[in-house]
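> Below is the file entry33.cif, with mmCIF, C-alpha atoms.
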```
data_query
loop_
_atom_site.group_PDB
_atom_site.id
_atom_site.type_symbol
_atom_site.label_atom_id
_atom_site.label_comp_id
_atom_site.auth_asym_id
_atom_site.auth_seq_id
_atom_site.Cartn_x
_atom_site.Cartn_y
_atom_site.Cartn_z
ATOM 1 C CA MET A 372 -4.526 39.440 -1.478
ATOM 2 C CA HIS A 373 -5.335 35.962 -2.732
ATOM 3 C CA LEU A 374 -4.208 34.199 -5.876
ATOM 4 C CA ASP A 375 -7.810 34.379 -7.093
ATOM 5 C CA ASP A 376 -7.553 38.173 -6.977
ATOM 6 C CA LEU A 377 -4.528 38.045 -9.289
ATOM 7 C CA GLY A 378 -6.437 35.812 -11.677
ATOM 8 C CA LEU A 379 -9.426 38.134 -11.625
ATOM 9 C CA PHE A 380 -7.349 41.212 -12.406
ATOM 10 C CA LEU A 381 -5.520 39.352 -15.159
ATOM 11 C CA ARG A 382 -8.860 38.407 -16.734
ATOM 12 C CA VAL A 383 -10.031 42.049 -16.567
ATOM 13 C CA ALA A 384 -6.742 43.264 -18.041
ATOM 14 C CA GLN A 385 -6.908 40.777 -20.890
ATOM 15 C CA THR A 386 -10.542 41.471 -21.817
ATOM 16 C CA LEU A 387 -10.704 45.177 -20.868
ATOM 17 C CA SER A 388 -14.339 44.508 -20.067
ATOM 18 C CA LEU A 389 -15.943 43.986 -16.679
ATOM 19 C CA SER A 390 -18.923 42.204 -18.215
ATOM 20 C CA GLU A 391 -16.786 39.849 -20.297
ATOM 21 C CA ALA A 392 -14.453 39.103 -17.392
ATOM 22 C CA ALA A 393 -17.505 38.440 -15.205
ATOM 23 C CA ARG A 394 -18.934 36.069 -17.810
ATOM 24 C CA GLN A 395 -15.683 34.102 -18.059
ATOM 25 C CA LEU A 396 -15.370 33.940 -14.288
ATOM 26 C CA ASP A 397 -19.055 33.052 -13.846
ATOM 27 C CA GLN A 398 -19.646 36.091 -11.620
ATOM 28 C CA THR A 399 -21.733 39.235 -11.870
ATOM 29 C CA PRO A 400 -20.153 42.429 -13.238
ATOM 30 C CA SER A 401 -20.881 44.179 -9.941
ATOM 31 C CA ALA A 402 -18.995 41.486 -8.017
ATOM 32 C CA VAL A 403 -16.000 41.783 -10.341
ATOM 33 C CA SER A 404 -16.078 45.581 -10.048
ATOM 34 C CA ALA A 405 -16.176 45.362 -6.253
ATOM 35 C CA ARG A 406 -13.230 42.978 -6.112
ATOM 36 C CA LEU A 407 -11.249 45.131 -8.546
ATOM 37 C CA LYS A 408 -11.864 48.155 -6.335
ATOM 38 C CA ARG A 409 -10.734 46.216 -3.269
ATOM 39 C CA ILE A 410 -7.498 45.169 -5.054
ATOM 40 C CA GLU A 411 -6.766 48.791 -5.929
ATOM 41 C CA GLU A 412 -7.432 49.889 -2.360
ATOM 42 C CA GLU A 413 -5.161 47.189 -0.988
ATOM 43 C CA LEU A 414 -2.355 48.174 -3.364
ATOM 44 C CA GLY A 415 -2.968 51.879 -2.954
ATOM 45 C CA VAL A 416 -2.817 52.551 -6.711
ATOM 46 C CA ARG A 417 -5.300 52.865 -9.539
ATOM 47 C CA LEU A 418 -4.961 49.964 -11.954
ATOM 48 C CA VAL A 419 -7.790 50.729 -14.361
ATOM 49 C CA GLU A 420 -9.213 53.921 -15.808
ATOM 50 C CA ARG A 421 -12.950 53.497 -16.201
ATOM 51 C CA THR A 422 -15.186 55.315 -18.645
ATOM 52 C CA THR A 423 -18.824 54.733 -19.445
ATOM 53 C CA ARG A 424 -17.850 52.784 -22.564
ATOM 54 C CA SER A 425 -14.463 51.174 -21.940
ATOM 55 C CA LEU A 426 -11.618 50.279 -19.574
ATOM 56 C CA ARG A 427 -7.981 51.229 -19.924
ATOM 57 C CA LEU A 428 -5.039 50.010 -17.890
ATOM 58 C CA THR A 429 -2.962 52.619 -16.117
ATOM 59 C CA PRO A 430 0.852 52.320 -16.261
ATOM 60 C CA GLU A 431 0.651 50.719 -12.809
ATOM 61 C CA GLY A 432 -1.985 48.374 -14.160
ATOM 62 C CA GLU A 433 0.263 47.374 -17.042
ATOM 63 C CA ARG A 434 3.100 46.498 -14.656
ATOM 64 C CA PHE A 435 0.749 44.685 -12.294
ATOM 65 C CA MET A 436 -0.664 42.666 -15.203
ATOM 66 C CA GLN A 437 2.838 41.377 -15.941
ATOM 67 C CA THR A 438 3.295 40.490 -12.275
ATOM 68 C CA CYS A 439 -0.038 38.658 -12.202
ATOM 69 C CA ASP A 440 0.811 36.788 -15.387
ATOM 70 C CA THR A 441 4.171 35.672 -13.983
ATOM 71 C CA MET A 442 2.741 34.578 -10.641
ATOM 72 C CA THR A 443 -0.294 32.733 -11.981
ATOM 73 C CA SER A 444 1.807 30.985 -14.625
ATOM 74 C CA ALA A 445 4.307 29.885 -11.974
ATOM 75 C CA TRP A 446 1.461 28.617 -9.809
ATOM 76 C CA THR A 447 -0.019 26.643 -12.706
ATOM 77 C CA ARG A 448 3.379 25.130 -13.562
ATOM 78 C CA GLY A 449 3.871 24.200 -9.916
ATOM 79 C CA GLN A 450 0.491 22.493 -9.754
ATOM 80 C CA ASN A 451 1.225 20.548 -12.933
ATOM 81 C CA LEU A 452 4.579 19.407 -11.568
ATOM 82 C CA LEU A 453 2.966 18.254 -8.337
ATOM 83 C CA ARG A 454 0.254 16.361 -10.199
ATOM 84 C CA GLN A 455 2.864 14.802 -12.469
ATOM 85 C CA GLY A 456 4.912 13.795 -9.435
ATOM 86 C CA ALA A 457 1.836 12.329 -7.756
ATOM 87 C CA ARG A 458 1.210 10.165 -10.813
ATOM 88 C CA SER A 459 4.804 8.980 -11.069
ATOM 89 C CA VAL A 460 6.414 6.169 -9.123
ATOM 90 C CA GLU A 461 9.265 7.891 -7.355
ATOM 91 C CA GLY A 462 10.412 8.759 -3.865
ATOM 92 C CA ARG A 463 11.023 6.562 -0.819
ATOM 93 C CA MET A 464 8.837 3.727 0.441
ATOM 94 C CA HIS A 465 9.056 1.514 3.531
ATOM 95 C CA ILE A 466 7.619 -2.012 3.330
ATOM 96 C CA ALA A 467 7.416 -4.539 6.173
ATOM 97 C CA ALA A 468 6.875 -8.241 5.496
ATOM 98 C CA PRO A 469 7.333 -11.656 7.159
ATOM 99 C CA THR A 470 10.721 -13.330 6.940
ATOM 100 C CA ASP A 471 9.725 -16.400 4.955
ATOM 101 C CA THR A 472 7.601 -14.415 2.525
ATOM 102 C CA CYS A 473 10.563 -12.193 1.708
ATOM 103 C CA ALA A 474 12.958 -15.115 1.397
ATOM 104 C CA GLN A 475 10.630 -17.074 -0.867
ATOM 105 C CA PHE A 476 9.521 -14.470 -3.392
ATOM 106 C CA LEU A 477 8.684 -10.990 -2.099
ATOM 107 C CA ALA A 478 12.255 -9.680 -2.007
ATOM 108 C CA GLU A 479 12.735 -10.756 -5.622
ATOM 109 C CA TRP A 480 9.443 -9.177 -6.698
ATOM 110 C CA ILE A 481 10.298 -5.859 -5.055
ATOM 111 C CA SER A 482 13.777 -5.924 -6.582
ATOM 112 C CA ASP A 483 12.251 -6.421 -10.039
ATOM 113 C CA TYR A 484 9.870 -3.528 -9.428
ATOM 114 C CA SER A 485 12.616 -1.159 -8.292
ATOM 115 C CA LYS A 486 14.630 -1.896 -11.434
ATOM 116 C CA ALA A 487 11.629 -0.891 -13.521
ATOM 117 C CA HIS A 488 11.266 2.347 -11.501
ATOM 118 C CA PRO A 489 14.777 3.732 -10.930
ATOM 119 C CA ARG A 490 13.474 6.862 -9.163
ATOM 120 C CA LEU A 491 11.906 4.737 -6.417
ATOM 121 C CA ALA A 492 13.868 3.793 -3.280
ATOM 122 C CA VAL A 493 12.471 0.905 -1.208
ATOM 123 C CA THR A 494 13.402 -0.034 2.341
ATOM 124 C CA LEU A 495 12.271 -3.609 3.085
ATOM 125 C CA ARG A 496 11.879 -4.401 6.771
ATOM 126 C CA VAL A 497 12.039 -8.156 7.178
ATOM 127 C CA GLY A 498 10.625 -9.860 10.258
ATOM 128 C CA ASP A 499 7.557 -11.538 11.705
ATOM 129 C CA ARG A 500 6.793 -9.005 14.429
ATOM 130 C CA MET A 501 3.801 -6.686 14.101
ATOM 131 C CA HIS A 502 4.962 -3.198 13.210
ATOM 132 C CA ASP A 503 3.325 -0.041 14.503
ATOM 133 C CA LEU A 504 2.793 1.412 11.048
ATOM 134 C CA PRO A 505 2.193 5.098 11.866
ATOM 135 C CA ARG A 506 4.896 5.310 14.521
ATOM 136 C CA GLU A 507 7.503 3.458 12.475
ATOM 137 C CA ALA A 508 6.590 5.250 9.216
ATOM 138 C CA VAL A 509 5.803 1.998 7.407
ATOM 139 C CA ASP A 510 3.939 2.619 4.148
ATOM 140 C CA ILE A 511 2.889 -0.998 3.472
ATOM 141 C CA ALA A 512 2.873 -4.040 5.748
ATOM 142 C CA VAL A 513 2.264 -7.469 4.228
ATOM 143 C CA ARG A 514 0.331 -9.470 6.809
ATOM 144 C CA TYR A 515 -1.120 -12.970 7.008
ATOM 145 C CA GLY A 516 -4.464 -13.843 8.571
ATOM 146 C CA GLU A 517 -7.537 -11.926 9.611
ATOM 147 C CA LEU A 518 -6.878 -8.346 10.710
ATOM 148 C CA ASN A 519 -8.318 -7.001 13.935
ATOM 149 C CA ASP A 520 -7.310 -3.356 13.558
ATOM 150 C CA SER A 521 -10.148 -1.698 11.651
ATOM 151 C CA SER A 522 -8.363 1.672 11.700
ATOM 152 C CA MET A 523 -5.990 0.519 8.955
ATOM 153 C CA ILE A 524 -6.496 0.550 5.212
ATOM 154 C CA CYS A 525 -6.425 -3.045 3.990
ATOM 155 C CA ARG A 526 -6.320 -4.622 0.551
ATOM 156 C CA ILE A 527 -6.366 -8.392 0.034
ATOM 157 C CA LEU A 528 -3.409 -9.554 -2.073
ATOM 158 C CA MET A 529 -4.234 -13.255 -2.031
ATOM 159 C CA ARG A 530 -6.440 -15.800 -0.292
ATOM 160 C CA THR A 531 -4.793 -19.101 0.566
ATOM 161 C CA ARG A 532 -4.877 -21.814 3.258
ATOM 162 C CA ARG A 533 -2.526 -23.415 5.695
ATOM 163 C CA PHE A 534 -1.823 -27.131 5.627
ATOM 164 C CA LEU A 535 0.513 -29.668 7.180
ATOM 165 C CA VAL A 536 3.878 -30.420 5.611
ATOM 166 C CA ALA A 537 6.891 -32.543 6.498
ATOM 167 C CA SER A 538 9.971 -33.820 4.713
ATOM 168 C CA PRO A 539 10.175 -37.339 3.227
ATOM 169 C CA VAL A 540 13.064 -38.055 5.601
ATOM 170 C CA TYR A 541 10.934 -37.217 8.642
ATOM 171 C CA LEU A 542 8.001 -39.284 7.405
ATOM 172 C CA GLU A 543 10.151 -42.358 6.882
ATOM 173 C CA ARG A 544 10.969 -42.550 10.576
ATOM 174 C CA SER A 545 7.668 -41.300 12.055
ATOM 175 C CA PRO A 546 4.327 -42.971 12.861
ATOM 176 C CA PRO A 547 1.407 -42.607 10.427
ATOM 177 C CA LEU A 548 -0.525 -39.327 10.351
ATOM 178 C CA LEU A 549 -4.088 -40.260 9.424
ATOM 179 C CA CYS A 550 -6.098 -37.507 11.140
ATOM 180 C CA PRO A 551 -5.373 -34.247 13.000
ATOM 181 C CA ALA A 552 -5.527 -36.029 16.371
ATOM 182 C CA ASP A 553 -2.441 -38.024 15.344
ATOM 183 C CA LEU A 554 -0.381 -34.852 15.661
ATOM 184 C CA ALA A 555 -0.034 -35.782 19.332
ATOM 185 C CA ASN A 556 2.399 -38.479 18.181
ATOM 186 C CA HIS A 557 4.531 -36.133 16.082
ATOM 187 C CA ARG A 558 7.146 -33.444 16.517
ATOM 188 C CA CYS A 559 5.315 -30.190 15.795
ATOM 189 C CA LEU A 560 7.081 -27.026 14.650
ATOM 190 C CA ALA A 561 5.304 -23.796 15.601
ATOM 191 C CA TRP A 562 5.862 -20.329 14.277
ATOM 192 C CA LEU A 563 5.457 -17.166 16.276
ATOM 193 C CA SER A 564 2.297 -15.100 15.964
ATOM 194 C CA ARG A 565 2.472 -11.751 17.759
ATOM 195 C CA ASP A 566 5.448 -13.115 19.702
ATOM 196 C CA GLN A 567 3.441 -16.171 20.844
ATOM 197 C CA PRO A 568 3.670 -19.741 19.482
ATOM 198 C CA LYS A 569 0.879 -20.583 17.051
ATOM 199 C CA VAL A 570 -0.338 -23.773 18.770
ATOM 200 C CA GLN A 571 -3.999 -23.907 17.690
ATOM 201 C CA TRP A 572 -4.109 -25.660 14.329
ATOM 202 C CA SER A 573 -7.584 -25.836 12.764
ATOM 203 C CA PHE A 574 -8.847 -28.185 10.081
ATOM 204 C CA VAL A 575 -12.083 -28.828 8.198
ATOM 205 C CA SER A 576 -12.786 -32.527 7.740
ATOM 206 C CA PRO A 577 -14.142 -34.070 4.511
ATOM 207 C CA ALA A 578 -17.538 -34.146 6.249
ATOM 208 C CA GLY A 579 -17.372 -30.378 6.830
ATOM 209 C CA SER A 580 -16.787 -30.335 10.574
ATOM 210 C CA THR A 581 -14.094 -28.112 12.094
ATOM 211 C CA GLU A 582 -11.490 -29.591 14.385
ATOM 212 C CA THR A 583 -8.936 -27.544 16.309
ATOM 213 C CA ILE A 584 -5.867 -29.276 17.691
ATOM 214 C CA VAL A 585 -3.698 -27.663 20.360
ATOM 215 C CA VAL A 586 -0.185 -28.864 19.636
ATOM 216 C CA THR A 587 2.823 -28.934 21.949
ATOM 217 C CA PRO A 588 5.684 -27.693 19.774
ATOM 218 C CA VAL A 589 9.150 -29.110 20.224
ATOM 219 C CA LEU A 590 10.630 -26.194 18.295
ATOM 220 C CA CYS A 591 9.324 -22.674 17.725
ATOM 221 C CA ALA A 592 10.776 -19.805 15.709
ATOM 222 C CA ASP A 593 9.949 -17.326 12.995
ATOM 223 C CA SER A 594 8.283 -18.403 9.764
ATOM 224 C CA LEU A 595 11.497 -18.881 7.776
ATOM 225 C CA VAL A 596 13.237 -21.016 10.396
ATOM 226 C CA VAL A 597 10.153 -23.215 10.851
ATOM 227 C CA ARG A 598 10.089 -23.972 7.130
ATOM 228 C CA GLN A 599 13.829 -24.690 7.151
ATOM 229 C CA TRP A 600 13.381 -27.044 10.106
ATOM 230 C CA ALA A 601 10.598 -28.850 8.269
ATOM 231 C CA VAL A 602 12.772 -29.250 5.159
ATOM 232 C CA SER A 603 15.636 -30.625 7.243
ATOM 233 C CA GLY A 604 13.358 -33.260 8.803
ATOM 234 C CA GLU A 605 12.813 -31.799 12.260
ATOM 235 C CA GLY A 606 9.051 -32.280 12.320
ATOM 236 C CA VAL A 607 5.626 -31.293 10.997
ATOM 237 C CA ALA A 608 4.822 -27.648 10.171
ATOM 238 C CA TYR A 609 1.502 -25.906 9.618
ATOM 239 C CA LYS A 610 2.288 -23.414 6.879
ATOM 240 C CA ALA A 611 0.484 -21.270 4.348
ATOM 241 C CA SER A 612 0.550 -22.895 0.929
ATOM 242 C CA VAL A 613 2.211 -19.882 -0.659
ATOM 243 C CA ASP A 614 5.240 -20.304 1.618
ATOM 244 C CA VAL A 615 5.866 -23.991 0.861
ATOM 245 C CA ALA A 616 4.895 -24.199 -2.810
ATOM 246 C CA ALA A 617 8.486 -24.261 -4.062
ATOM 247 C CA ASP A 618 9.451 -26.941 -1.545
ATOM 248 C CA LEU A 619 6.465 -29.072 -2.554
ATOM 249 C CA ARG A 620 7.340 -28.785 -6.245
ATOM 250 C CA ALA A 621 10.948 -29.709 -5.518
ATOM 251 C CA GLY A 622 9.957 -32.667 -3.316
ATOM 252 C CA ARG A 623 11.659 -31.234 -0.249
ATOM 253 C CA LEU A 624 8.307 -31.266 1.558
ATOM 254 C CA VAL A 625 5.189 -33.414 1.297
ATOM 255 C CA ARG A 626 1.661 -32.267 2.026
ATOM 256 C CA LEU A 627 -0.062 -34.251 4.770
ATOM 257 C CA LEU A 628 -3.776 -34.882 5.370
ATOM 258 C CA ALA A 629 -4.668 -33.453 1.975
ATOM 259 C CA GLN A 630 -8.296 -34.441 2.556
ATOM 260 C CA TYR A 631 -8.468 -31.867 5.361
ATOM 261 C CA GLU A 632 -8.629 -28.132 4.677
ATOM 262 C CA GLY A 633 -6.498 -25.954 6.885
ATOM 263 C CA GLU A 634 -7.549 -22.527 8.087
ATOM 264 C CA ALA A 635 -8.089 -19.768 5.542
ATOM 265 C CA VAL A 636 -5.284 -17.225 5.322
ATOM 266 C CA PRO A 637 -5.876 -13.903 3.588
ATOM 267 C CA ILE A 638 -2.622 -12.142 2.730
ATOM 268 C CA SER A 639 -3.127 -8.393 2.898
ATOM 269 C CA ALA A 640 -1.364 -5.135 2.204
ATOM 270 C CA VAL A 641 -2.016 -2.916 5.216
ATOM 271 C CA MET A 642 -1.521 0.852 5.186
ATOM 272 C CA PRO A 643 -1.972 3.514 7.876
ATOM 273 C CA SER A 644 -5.408 5.082 7.606
ATOM 274 C CA GLY A 645 -4.389 8.514 8.845
ATOM 275 C CA ARG A 646 -1.893 9.050 6.057
ATOM 276 C CA PHE A 647 -2.594 10.029 2.469
ATOM 277 C CA VAL A 648 -1.970 7.010 0.250
ATOM 278 C CA THR A 649 0.504 8.208 -2.365
ATOM 279 C CA ALA A 650 0.544 7.153 -5.990
ATOM 280 C CA ARG A 651 3.742 5.158 -5.447
ATOM 281 C CA VAL A 652 2.122 3.170 -2.623
ATOM 282 C CA ARG A 653 -1.021 2.491 -4.666
ATOM 283 C CA ALA A 654 1.137 1.420 -7.608
ATOM 284 C CA MET A 655 3.161 -0.963 -5.436
ATOM 285 C CA VAL A 656 0.011 -2.558 -3.998
ATOM 286 C CA ASP A 657 -1.376 -2.973 -7.530
ATOM 287 C CA TYR A 658 1.877 -4.615 -8.559
ATOM 288 C CA LEU A 659 1.931 -7.019 -5.609
ATOM 289 C CA THR A 660 -1.698 -7.954 -6.228
ATOM 290 C CA GLN A 661 -0.837 -8.760 -9.831
ATOM 291 C CA ARG A 662 2.217 -10.834 -8.880
ATOM 292 C CA PHE A 663 0.229 -12.893 -6.391
ATOM 293 C CA ALA A 664 -2.503 -13.424 -8.973
ATOM 294 C CA GLU A 665 0.013 -14.499 -11.606
ATOM 295 C CA SER A 666 1.860 -16.879 -9.310
ATOM 296 C CA SER A 667 1.147 -20.562 -9.645
ATOM 297 C CA VAL A 668 0.532 -20.848 -5.911
ATOM 298 C CA LYS A 669 -3.146 -21.113 -4.932
#
```
Output the structure of this file as structure tokens.

Amino acid sequence: MHLDDLGLFLRVAQTLSLSEAARQLDQTPSAVSARLKRIEEELGVRLVERTTRSLRLTPEGERFMQTCDTMTSAWTRGQNLLRQGARSVEGRMHIAAPTDTCAQFLAEWISDYSKAHPRLAVTLRVGDRMHDLPREAVDIAVRYGELNDSSMICRILMRTRRFLVASPVYLERSPPLLCPADLANHRCLAWLSRDQPKVQWSFVSPAGSTETIVVTPVLCADSLVVRQWAVSGEGVAYKASVDVAADLRAGRLVRLLAQYEGEAVPISAVMPSGRFVTARVRAMVDYLTQRFAESSVK
């Protein structure tokens, strides 16, 4: 017996009319009568006494009506609780993000969000390696650059660009940097992309032509360490503007070759496509999108 059968009998019991129950259920009276007969046969008892003019519940029908009322009410309450839970921001969430992004602002943003939603528990996995989202049960991965995996759900959080930066201390003791080709005369700091040094640095000249320089890095590490090396005067870094904005404002770093545009860098929230995107995940992505939009970094 299905839950729909309980609802049908309850409607018949409440109206004591096959035609009225059929109208409310958008069925024909004959269909309702047939289903009622099947319910009685399955239970092995008569639930309704039928006459040519009216219906009357048997004592068994009265008891079964109470059972149907209890079960359908419990089912409705359960559905409402599930829908309410789906709309609320609660439960556990796993987020993966690059090291420097977390150190600069993302960890603080997520902390602020968790304080506003005390029923939400967030695990933040910090590191520059590419996570296998489905296998590692990662709900959201914050990733930089163009994405090659079309099987993932992707939402752009921000569009920015990379550019060259170095500390004033480094620039004081280094030769001039007038064009990308001059990088051959400088200490270059590379960050790891998919466990490989990012050595192809692309630029768009004021005339609109694209130039790609293959650098030979003297130091290579994750995104956070590269920025720290640049601040301490170890060399020139090619970083996304969002990651060096605070250092530029504080004067710890200086932008180089400002007349050249670095490569475009979309920052995305990536989610596994084979998993239902919960309300808490959607809410977190909305929040991150808003925080990026409100930030002063462009």
> Could you expand the PyMOL selection byres ((chain A and resi 608-616) around 8) into the explicit residues it covers here, written as a list in words?
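Against this file, the PyMOL selection byres ((chain A and resi 608-616) around 8) returns the residues Asp471, Thr472, Gln475, Thr531, Arg532, Arg533, Phe534, Leu535, Val536, Ala537, Cys559, Leu560, Ala561, Trp572, Val597, Arg598, Ala601, Gly606, Val607, Ala617, Asp618, Leu619, Arg620, Leu624, Val636, Val668 and Lys669 of chain A.
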> Report, in Å to a single decimal, how far apart CA of Asp553 in chain A and CA of Gly633 in chain A are.
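Atom-to-atom, CA of Gly633 in chain A and CA of Asp553 in chain A are spaced 15.3 Å apart.
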> Any idea what the distance is between CA of His557 in chain A and CA of Ser580 in chain A?
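Between these atoms lies a distance of 22.8 Å.
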> Give the answer as one residue: which of A:Arg463, A:Thr470, A:Thr429, A:Thr587 has the shortest atom-to-atom distance to Gln599 in chain A, using all atoms listed in the file?
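Of A:Arg463, A:Thr470, A:Thr429, A:Thr587, the one nearest Gln599 in chain A is A:Thr470, counting all atoms listed in the file.
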> What is the distance between CA of Ser576 in chain A and CA of Val596 in chain A, in Å to one decimal?
28.6 Å
> Here is a test: counting only C-alpha atoms, which residue of A:Gly604, A:Pro588, A:Gly498, A:Pro505 is nearest to Glu543 in chain A?
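Ranked by minimum distance to Glu543 in chain A, first place goes to A:Gly604.
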> Which residue gives the smallest distance to Leu518 in chain A among A:Gln385, A:Ser485, A:Ser639, A:Ser390, with all atoms listed in the file counted?
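Comparing A:Gln385, A:Ser485, A:Ser639, A:Ser390 against Leu518 in chain A, the winner is A:Ser639.
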> When the PyMOL selection byres ((chain A and resi 524-526) around 7) is applied to the file above, which residues end up in the set, as a list in words?
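This file gives the following for the PyMOL selection byres ((chain A and resi 524-526) around 7): Ser522, Met523, Ile527, Leu528, Ser639, Ala640, Val641, Met642, Pro643 and Ser644 of chain A.
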> Take the PyMOL selection byres ((chain A and resi 630) around 8), run it mentally on this structure, and tell me the resulting residues as a PyMOL selection string.
chain A and resi 576-577+628-629+631-632
> Closest to Ala405 in chain A among A:Cys591, A:Leu477, A:Leu379, A:Ala384, using all atoms listed in the file?
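Checking each of A:Cys591, A:Leu477, A:Leu379, A:Ala384 against Ala405 in chain A, counting all atoms listed in the file, the winner is A:Leu379.
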> Could you tell me which of A:Tyr484, A:Ala392, A:Ile466, A:Leu374 comes closest to Gln661 in chain A if we count all atoms listed in the file?
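The shortest atom-to-atom distance to Gln661 in chain A comes from A:Tyr484.
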